[in-house]
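Shown below: data_29.txt, with compact mmCIF, C-alpha atoms and all ligand atoms.
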```
# COMPACT_ATOMS: atom_id res chain seq x y z
CA MET A 1 -27.66 -64.11 -88.75
CA PRO A 2 -28.95 -65.49 -85.41
CA ALA A 3 -30.89 -68.75 -85.64
CA ALA A 4 -33.97 -67.31 -83.91
CA ASP A 5 -36.42 -64.81 -85.37
CA PRO A 6 -37.65 -62.49 -82.58
CA ARG A 7 -41.07 -62.38 -84.26
CA LEU A 8 -41.65 -66.05 -83.34
CA ILE A 9 -43.08 -66.59 -79.86
CA VAL A 10 -43.33 -70.17 -78.61
CA PRO A 11 -45.89 -70.75 -75.84
CA LEU A 12 -44.70 -72.97 -73.01
CA ASP A 13 -48.06 -74.72 -72.63
CA LEU A 14 -46.60 -77.46 -70.46
CA PRO A 15 -47.73 -78.57 -67.02
CA THR A 16 -44.49 -78.12 -65.12
CA ALA A 17 -41.52 -75.80 -65.17
CA GLY A 18 -39.31 -78.89 -65.52
CA GLU A 19 -40.96 -79.88 -68.80
CA ALA A 20 -40.83 -76.28 -69.97
CA ARG A 21 -37.11 -76.17 -69.14
CA ALA A 22 -36.45 -79.35 -71.13
CA MET A 23 -38.26 -77.80 -74.12
CA ILE A 24 -36.29 -74.54 -73.83
CA ASP A 25 -33.03 -76.49 -73.72
CA ALA A 26 -34.03 -78.57 -76.76
CA LEU A 27 -34.89 -75.42 -78.73
CA GLY A 28 -31.61 -73.69 -77.79
CA ASP A 29 -30.83 -70.69 -79.99
CA ALA A 30 -33.68 -71.47 -82.42
CA VAL A 31 -36.20 -69.59 -80.21
CA SER A 32 -35.62 -66.30 -78.38
CA PHE A 33 -39.16 -65.42 -77.24
CA TYR A 34 -41.37 -67.51 -74.94
CA LYS A 35 -44.94 -67.15 -73.74
CA VAL A 36 -45.70 -68.18 -70.17
CA GLY A 37 -49.41 -68.76 -69.64
CA LEU A 38 -51.70 -69.49 -66.75
CA GLU A 39 -50.94 -73.20 -66.58
CA LEU A 40 -47.29 -72.61 -65.74
CA PHE A 41 -48.14 -69.56 -63.65
CA ALA A 42 -50.03 -71.90 -61.37
CA THR A 43 -46.78 -73.74 -60.63
CA ASP A 44 -43.37 -72.13 -61.14
CA GLY A 45 -44.08 -69.77 -64.03
CA MET A 46 -42.68 -66.62 -62.52
CA ALA A 47 -39.44 -68.26 -61.43
CA LEU A 48 -39.05 -69.64 -64.95
CA ALA A 49 -39.79 -66.20 -66.43
CA ARG A 50 -37.04 -64.66 -64.30
CA ASP A 51 -34.57 -67.39 -65.35
CA LEU A 52 -35.42 -66.82 -69.01
CA LYS A 53 -34.67 -63.13 -68.63
CA VAL A 54 -31.31 -63.92 -67.03
CA GLU A 55 -30.60 -66.13 -70.07
CA GLY A 56 -31.30 -63.23 -72.42
CA LYS A 57 -34.65 -64.46 -73.72
CA GLN A 58 -37.77 -62.36 -74.17
CA VAL A 59 -40.77 -63.24 -72.04
CA PHE A 60 -44.47 -62.79 -72.77
CA LEU A 61 -46.69 -63.19 -69.70
CA ASP A 62 -50.10 -64.15 -71.09
CA TRP A 63 -52.05 -63.73 -67.91
CA LYS A 64 -54.94 -61.63 -69.22
CA LEU A 65 -55.25 -59.49 -66.10
CA HIS A 66 -58.74 -58.28 -65.27
CA ASP A 67 -59.41 -56.67 -61.90
CA ILE A 68 -60.02 -53.31 -60.26
CA PRO A 69 -57.56 -50.64 -61.46
CA THR A 70 -55.47 -50.51 -58.27
CA THR A 71 -54.84 -54.25 -58.35
CA VAL A 72 -54.00 -54.31 -62.06
CA GLN A 73 -51.70 -51.31 -61.68
CA ARG A 74 -49.80 -52.92 -58.80
CA ALA A 75 -49.52 -56.28 -60.57
CA ALA A 76 -48.22 -54.61 -63.73
CA ALA A 77 -45.66 -52.66 -61.69
CA ALA A 78 -44.43 -55.88 -60.03
CA LEU A 79 -44.13 -57.68 -63.39
CA ALA A 80 -42.32 -54.71 -64.91
CA GLY A 81 -39.84 -54.97 -62.05
CA ALA A 82 -39.13 -58.58 -63.06
CA GLY A 83 -37.97 -57.36 -66.49
CA CYS A 84 -40.62 -59.16 -68.52
CA ASP A 85 -41.35 -57.92 -72.02
CA LEU A 86 -45.05 -58.43 -72.82
CA LEU A 87 -48.15 -58.66 -70.62
CA THR A 88 -51.75 -59.23 -71.65
CA VAL A 89 -54.74 -57.59 -69.98
CA HIS A 90 -58.41 -57.69 -70.88
CA GLY A 91 -59.38 -54.91 -73.27
CA GLU A 92 -61.54 -52.84 -70.95
CA PRO A 93 -60.58 -49.17 -70.73
CA GLN A 94 -60.09 -49.08 -66.93
CA VAL A 95 -58.00 -52.23 -66.94
CA MET A 96 -55.82 -51.18 -69.86
CA ALA A 97 -55.15 -47.70 -68.44
CA ALA A 98 -54.24 -49.18 -65.04
CA ALA A 99 -51.75 -51.61 -66.58
CA VAL A 100 -50.14 -48.79 -68.55
CA ARG A 101 -49.80 -46.71 -65.37
CA GLY A 102 -48.34 -49.69 -63.54
CA ARG A 103 -45.65 -50.46 -66.08
CA GLY A 104 -44.63 -46.78 -66.00
CA GLY A 105 -41.39 -46.11 -67.82
CA SER A 106 -40.26 -49.77 -67.80
CA GLY A 107 -39.69 -51.95 -70.85
CA LEU A 108 -42.86 -53.96 -70.19
CA LYS A 109 -45.26 -53.64 -73.12
CA VAL A 110 -48.99 -53.98 -72.52
CA LEU A 111 -51.15 -55.91 -74.97
CA ALA A 112 -54.94 -55.84 -74.91
CA VAL A 113 -56.99 -58.94 -75.46
CA THR A 114 -59.92 -57.39 -77.32
CA VAL A 115 -62.53 -60.18 -77.31
CA LEU A 116 -61.68 -63.77 -76.45
CA THR A 117 -61.92 -65.88 -79.61
CA SER A 118 -64.01 -68.38 -77.66
CA LEU A 119 -66.86 -65.80 -77.59
CA ASP A 120 -69.24 -65.37 -80.53
CA ASP A 121 -72.06 -62.89 -81.12
CA LYS A 122 -74.51 -65.08 -79.23
CA ASP A 123 -72.25 -65.29 -76.17
CA LEU A 124 -71.83 -61.50 -76.17
CA ALA A 125 -75.60 -60.99 -76.35
CA GLU A 126 -76.01 -63.36 -73.42
CA MET A 127 -73.45 -61.31 -71.47
CA GLY A 128 -75.44 -58.13 -72.17
CA TYR A 129 -73.40 -56.63 -75.00
CA ALA A 130 -75.50 -55.21 -77.82
CA VAL A 131 -72.66 -55.43 -80.38
CA THR A 132 -71.18 -58.07 -82.64
CA ALA A 133 -67.80 -59.57 -81.75
CA ARG A 134 -66.27 -57.87 -84.80
CA ALA A 135 -67.59 -54.44 -83.79
CA LEU A 136 -66.39 -54.92 -80.21
CA VAL A 137 -62.94 -55.95 -81.43
CA GLU A 138 -62.75 -52.76 -83.50
CA ARG A 139 -63.97 -50.57 -80.63
CA ARG A 140 -61.47 -52.09 -78.23
CA ILE A 141 -58.53 -51.65 -80.59
CA HIS A 142 -59.32 -47.92 -80.61
CA GLN A 143 -59.69 -47.95 -76.82
CA ALA A 144 -56.39 -49.83 -76.41
CA ILE A 145 -54.62 -47.10 -78.34
CA ALA A 146 -56.37 -44.38 -76.32
CA ALA A 147 -55.32 -46.11 -73.08
CA GLY A 148 -51.66 -46.16 -74.16
CA CYS A 149 -51.38 -49.91 -74.82
CA ASP A 150 -48.58 -51.03 -77.10
CA GLY A 151 -50.67 -53.46 -79.10
CA VAL A 152 -53.28 -56.18 -79.15
CA VAL A 153 -53.58 -59.91 -79.43
CA ALA A 154 -55.38 -60.58 -82.71
CA SER A 155 -56.34 -63.70 -84.62
CA PRO A 156 -54.94 -63.91 -88.18
CA HIS A 157 -58.45 -62.89 -89.18
CA GLU A 158 -58.34 -59.65 -87.17
CA ALA A 159 -54.67 -58.80 -87.77
CA VAL A 160 -55.44 -56.72 -90.87
CA LEU A 161 -57.90 -54.57 -88.92
CA ALA A 162 -55.52 -54.18 -85.97
CA ARG A 163 -52.67 -53.14 -88.26
CA GLN A 164 -54.90 -50.70 -90.18
CA ILE A 165 -56.13 -49.01 -87.01
CA GLY A 166 -52.88 -49.22 -85.03
CA GLY A 167 -50.52 -48.21 -87.82
CA GLN A 168 -46.81 -48.88 -87.97
CA GLY A 169 -45.13 -49.76 -84.68
CA PHE A 170 -48.33 -51.08 -83.08
CA LEU A 171 -47.81 -54.62 -81.80
CA VAL A 172 -50.12 -57.21 -83.34
CA VAL A 173 -49.46 -60.56 -81.69
CA THR A 174 -51.19 -63.39 -83.52
CA PRO A 175 -51.93 -66.91 -82.27
CA GLY A 176 -53.75 -69.49 -84.39
CA VAL A 177 -50.74 -70.02 -86.66
CA ARG A 178 -50.09 -73.30 -88.43
CA PRO A 179 -47.48 -74.04 -91.08
CA ASP A 180 -48.88 -76.04 -94.03
CA TRP A 181 -47.01 -79.11 -92.80
CA ALA A 182 -48.39 -79.09 -89.24
CA ALA A 183 -51.59 -80.50 -87.73
CA LYS A 184 -54.31 -77.87 -87.17
CA ASN A 185 -55.21 -79.24 -83.69
CA ASP A 186 -58.08 -77.11 -82.36
CA GLN A 187 -57.18 -73.98 -84.36
CA ALA A 188 -60.16 -73.88 -86.73
CA ARG A 189 -59.22 -70.79 -88.79
CA ALA A 190 -55.46 -71.00 -88.76
CA ALA A 191 -53.10 -69.05 -91.02
CA THR A 192 -49.56 -69.97 -91.99
CA PRO A 193 -46.70 -67.93 -90.48
CA ALA A 194 -46.23 -66.08 -93.79
CA GLN A 195 -49.96 -65.34 -94.10
CA ALA A 196 -50.12 -64.03 -90.54
CA LEU A 197 -47.15 -61.70 -91.10
CA ALA A 198 -48.57 -60.53 -94.43
CA ALA A 199 -51.88 -59.79 -92.67
CA GLY A 200 -50.08 -57.41 -90.33
CA ALA A 201 -48.83 -59.49 -87.41
CA SER A 202 -45.71 -58.13 -85.73
CA HIS A 203 -45.29 -61.44 -83.85
CA ILE A 204 -46.76 -64.89 -84.23
CA VAL A 205 -47.48 -67.33 -81.41
CA CYS A 206 -46.97 -70.88 -82.63
CA GLY A 207 -46.99 -73.69 -80.11
CA ARG A 208 -47.79 -77.30 -80.84
CA PRO A 209 -46.25 -77.37 -84.34
CA VAL A 210 -42.98 -76.79 -82.43
CA THR A 211 -43.51 -78.30 -79.01
CA ALA A 212 -45.26 -81.47 -80.19
CA ALA A 213 -42.82 -82.08 -83.08
CA ASP A 214 -40.48 -85.07 -83.01
CA ASP A 215 -37.64 -82.58 -83.41
CA PRO A 216 -38.82 -79.24 -81.90
CA ARG A 217 -35.65 -77.39 -82.85
CA ALA A 218 -35.90 -78.42 -86.51
CA ALA A 219 -39.59 -77.42 -86.55
CA ALA A 220 -38.78 -74.00 -85.09
CA LEU A 221 -36.01 -73.44 -87.63
CA ARG A 222 -38.37 -74.43 -90.45
CA ILE A 223 -40.90 -71.81 -89.24
CA VAL A 224 -38.14 -69.20 -88.95
CA ASP A 225 -37.19 -69.92 -92.59
CA GLU A 226 -40.78 -69.37 -93.66
CA MET A 227 -40.94 -66.12 -91.67
CA ARG A 228 -37.71 -64.78 -93.13
CA ALA A 229 -39.21 -65.07 -96.57
CA VAL A 230 -41.60 -62.28 -95.47
CA GLN A 231 -39.92 -59.03 -94.39
O1 LIG A 301 -50.33 -74.73 -79.77
P1 LIG A 301 -50.92 -73.49 -80.34
O2 LIG A 301 -50.10 -72.85 -81.45
O3 LIG A 301 -52.37 -73.67 -80.78
O4 LIG A 301 -50.92 -72.47 -79.12
C1 LIG A 301 -51.48 -71.19 -79.24
C2 LIG A 301 -51.28 -70.42 -77.98
O5 LIG A 301 -51.92 -69.14 -78.15
C3 LIG A 301 -51.88 -71.04 -76.74
O6 LIG A 301 -51.06 -70.66 -75.63
C4 LIG A 301 -53.24 -70.39 -76.64
O7 LIG A 301 -53.70 -70.27 -75.32
C5 LIG A 301 -52.96 -68.99 -77.21
N1 LIG A 301 -54.12 -68.35 -77.81
C6 LIG A 301 -54.84 -68.90 -78.85
N2 LIG A 301 -55.92 -68.25 -79.36
C7 LIG A 301 -56.30 -67.07 -78.85
C8 LIG A 301 -55.57 -66.50 -77.81
C9 LIG A 301 -54.47 -67.18 -77.30
O8 LIG A 301 -54.52 -69.96 -79.35
N3 LIG A 301 -57.31 -66.44 -79.37
```
Full structure transcribed into structure tokens:
Amino acid sequence: MPAADPRLIVPLDLPTAGEARAMIDALGDAVSFYKVGLELFATDGMALARDLKVEGKQVFLDWKLHDIPTTVQRAAAALAGAGCDLLTVHGEPQVMAAAVRGRGGSGLKVLAVTVLTSLDDKDLAEMGYAVTARALVERRIHQAIAAGCDGVVASPHEAVLARQIGGQGFLVVTPGVRPDWAAKNDQARAATPAQALAAGASHIVCGRPVTAADDPRAAALRIVDEMRAVQ
């Protein structure tokens, strides 16, 4: 059995491509799926993403695109051409449909970010939405499916709902995951890897428990062991 579990995604939340590269090398075959976010994008993120693909890794571009449809469509088409695997876009119908058109028949899967977890009901009211965050999450999961998205990003809390609505095969990518033995950091309502998978996650995003560990590879393998206990 390979050391890595493809359901584990490690975010490369590091300031430079050089530091990200050192982390990737330390993790070796214990991790096969990496998330490249905006911080790295601002430096050499795309070059690193291309290198990772050449090395046979899977790449999740967490760039949360949000623009007019033509721009989103063209950006998604360009990223599909780079062979990346997952791309996030904001969960608005126009944006989601444009990303799906842009990726066309490529292997790039489009994930919708329903409602940022930094927003609560009060923030939404201030922005002019007359719905609760929970109701908007539910509405946008339905809209993601209608737009042809492959899945959503969902907190452990929302993963059950996303799995119920999306059914089998729908991607439910869940951050906010903390093994029992790891520090919670700023993840207030974290779930363990096993809890997140049991709630319906198809993939978990788990960063600092791995990347801030004294031995990142051992930490990743420990998480993989916990995940393999849940099929
Ligand atoms: O280190 P940690 O496991 O908390 O990293 C979680 C990753 O998932 C970060 O890249 C963070 O931006 C992302 N994320 C999150 N919560 C969300 C959406 C994304 O923690 N609601």
Within-9 Å residues of ligand LIG 301 (chain A), basis only C-alpha atoms and all ligand atoms, as a PDB file with C-alpha atoms, in the frame of the given file:
```
ATOM      1  CA  VAL A  10     -43.330 -70.170 -78.610  1.00  0.00           C
ATOM      2  CA  PRO A  11     -45.890 -70.750 -75.840  1.00  0.00           C
ATOM      3  CA  LEU A  12     -44.700 -72.970 -73.010  1.00  0.00           C
ATOM      4  CA  ASP A  13     -48.060 -74.720 -72.630  1.00  0.00           C
ATOM      5  CA  LYS A  35     -44.940 -67.150 -73.740  1.00  0.00           C
ATOM      6  CA  VAL A  36     -45.700 -68.180 -70.170  1.00  0.00           C
ATOM      7  CA  GLY A  37     -49.410 -68.760 -69.640  1.00  0.00           C
ATOM      8  CA  LEU A  38     -51.700 -69.490 -66.750  1.00  0.00           C
ATOM      9  CA  ASP A  62     -50.100 -64.150 -71.090  1.00  0.00           C
ATOM     10  CA  VAL A 113     -56.990 -58.940 -75.460  1.00  0.00           C
ATOM     11  CA  VAL A 115     -62.530 -60.180 -77.310  1.00  0.00           C
ATOM     12  CA  LEU A 116     -61.680 -63.770 -76.450  1.00  0.00           C
ATOM     13  CA  THR A 117     -61.920 -65.880 -79.610  1.00  0.00           C
ATOM     14  CA  SER A 118     -64.010 -68.380 -77.660  1.00  0.00           C
ATOM     15  CA  VAL A 153     -53.580 -59.910 -79.430  1.00  0.00           C
ATOM     16  CA  ALA A 154     -55.380 -60.580 -82.710  1.00  0.00           C
ATOM     17  CA  SER A 155     -56.340 -63.700 -84.620  1.00  0.00           C
ATOM     18  CA  THR A 174     -51.190 -63.390 -83.520  1.00  0.00           C
ATOM     19  CA  PRO A 175     -51.930 -66.910 -82.270  1.00  0.00           C
ATOM     20  CA  GLY A 176     -53.750 -69.490 -84.390  1.00  0.00           C
ATOM     21  CA  VAL A 177     -50.740 -70.020 -86.660  1.00  0.00           C
ATOM     22  CA  ARG A 178     -50.090 -73.300 -88.430  1.00  0.00           C
ATOM     23  CA  LYS A 184     -54.310 -77.870 -87.170  1.00  0.00           C
ATOM     24  CA  ASN A 185     -55.210 -79.240 -83.690  1.00  0.00           C
ATOM     25  CA  ASP A 186     -58.080 -77.110 -82.360  1.00  0.00           C
ATOM     26  CA  GLN A 187     -57.180 -73.980 -84.360  1.00  0.00           C
ATOM     27  CA  ALA A 190     -55.460 -71.000 -88.760  1.00  0.00           C
ATOM     28  CA  VAL A 205     -47.480 -67.330 -81.410  1.00  0.00           C
ATOM     29  CA  CYS A 206     -46.970 -70.880 -82.630  1.00  0.00           C
ATOM     30  CA  GLY A 207     -46.990 -73.690 -80.110  1.00  0.00           C
ATOM     31  CA  ARG A 208     -47.790 -77.300 -80.840  1.00  0.00           C
ATOM     32  CA  PRO A 209     -46.250 -77.370 -84.340  1.00  0.00           C
ATOM     33  CA  VAL A 210     -42.980 -76.790 -82.430  1.00  0.00           C
ATOM     34  CA  THR A 211     -43.510 -78.300 -79.010  1.00  0.00           C
ATOM     35  CA  ALA A 212     -45.260 -81.470 -80.190  1.00  0.00           C
TER      36      ALA A 212
END
```
Shortest interatomic distance to Val172 (chain A) - which of A:Leu111, A:Leu124, A:Ala135, A:Val230, counting only C-alpha atoms: A:Leu111
Set the distance at 8 Å and use only C-alpha atoms: which residues neighbour Lys109 (chain A) once local chain neighbours fewer than 4 positions away are removed? I'd like the list as a compact mmCIF listing (two decimals) with C-alpha atoms, in the coordinates of the input.
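Okay, result.txt is ready:
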```
# COMPACT_ATOMS: atom_id res chain seq x y z
CA ASP A 85 -41.35 -57.92 -72.02
CA LEU A 86 -45.05 -58.43 -72.82
CA LEU A 87 -48.15 -58.66 -70.62
CA ARG A 103 -45.65 -50.46 -66.08
CA CYS A 149 -51.38 -49.91 -74.82
CA ASP A 150 -48.58 -51.03 -77.10
```
Point-to-point distance from CA of Ser32 (chain A) to CA of Leu8 (chain A), Å rounded to tenths: 7.8 Å
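Remark: for Thr88 (chain A), the closest of the candidate residues A:Ala76, A:Leu52, A:Ile204, A:Leu65 is A:Leu65 (distances computed over all atoms listed in the file).
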Length of the CA of Pro15 (chain A) to CA of Trp63 (chain A) vector [Å]: 15.5 Å
Residue neighbourhood Ala82 (chain A), 9 Å, only C-alpha atoms, exclusion window fewer than 2 positions, as a ChimeraX atom specification: /A:46,49-50,53,77-80,84
Point-to-point distance from CA of Glu92 (chain A) to CA of Gly104 (chain A), Å rounded to tenths: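 Atom-to-atom, CA of Glu92 (chain A) to CA of Gly104 (chain A), that is 18.6 Å.
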Proximity to Val100 (chain A) - best of A:Val160, A:Ala112, A:Asp214, A:Glu126, all atoms listed in the file: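 Looking only at the distances to Val100 (chain A), the closest residue turns out to be A:Ala112.
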Neighbour list for Ala22 (chain A) as an NGL selection string, cut-off 12 Å, all atoms listed in the file, skip fewer than 6 positions in-chain: :A and (12 or 14 or 16 or 28 or 48 or 211 or 216-217)
Pick from A:Gln58, A:Gln143, A:Gln168, A:Thr70 nearest to Met96 (chain A), counting all atoms listed in the file: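 Once distances to Met96 (chain A) are computed over all atoms listed in the file, the minimum belongs to A:Gln143.
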Val31 (chain A) environment, 9 Å, only C-alpha atoms, sequence neighbours closer than 4 positions dropped, as an MDAnalysis selection string: chainID A and resid 3:6 8:10 24 27 57 217 220:221 224
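With all atoms listed in the file as the atoms that count, the residue of A:Gly81, A:Pro193, A:Gly200, A:Pro156 with the shortest distance to Phe170 (chain A) is A:Gly200.
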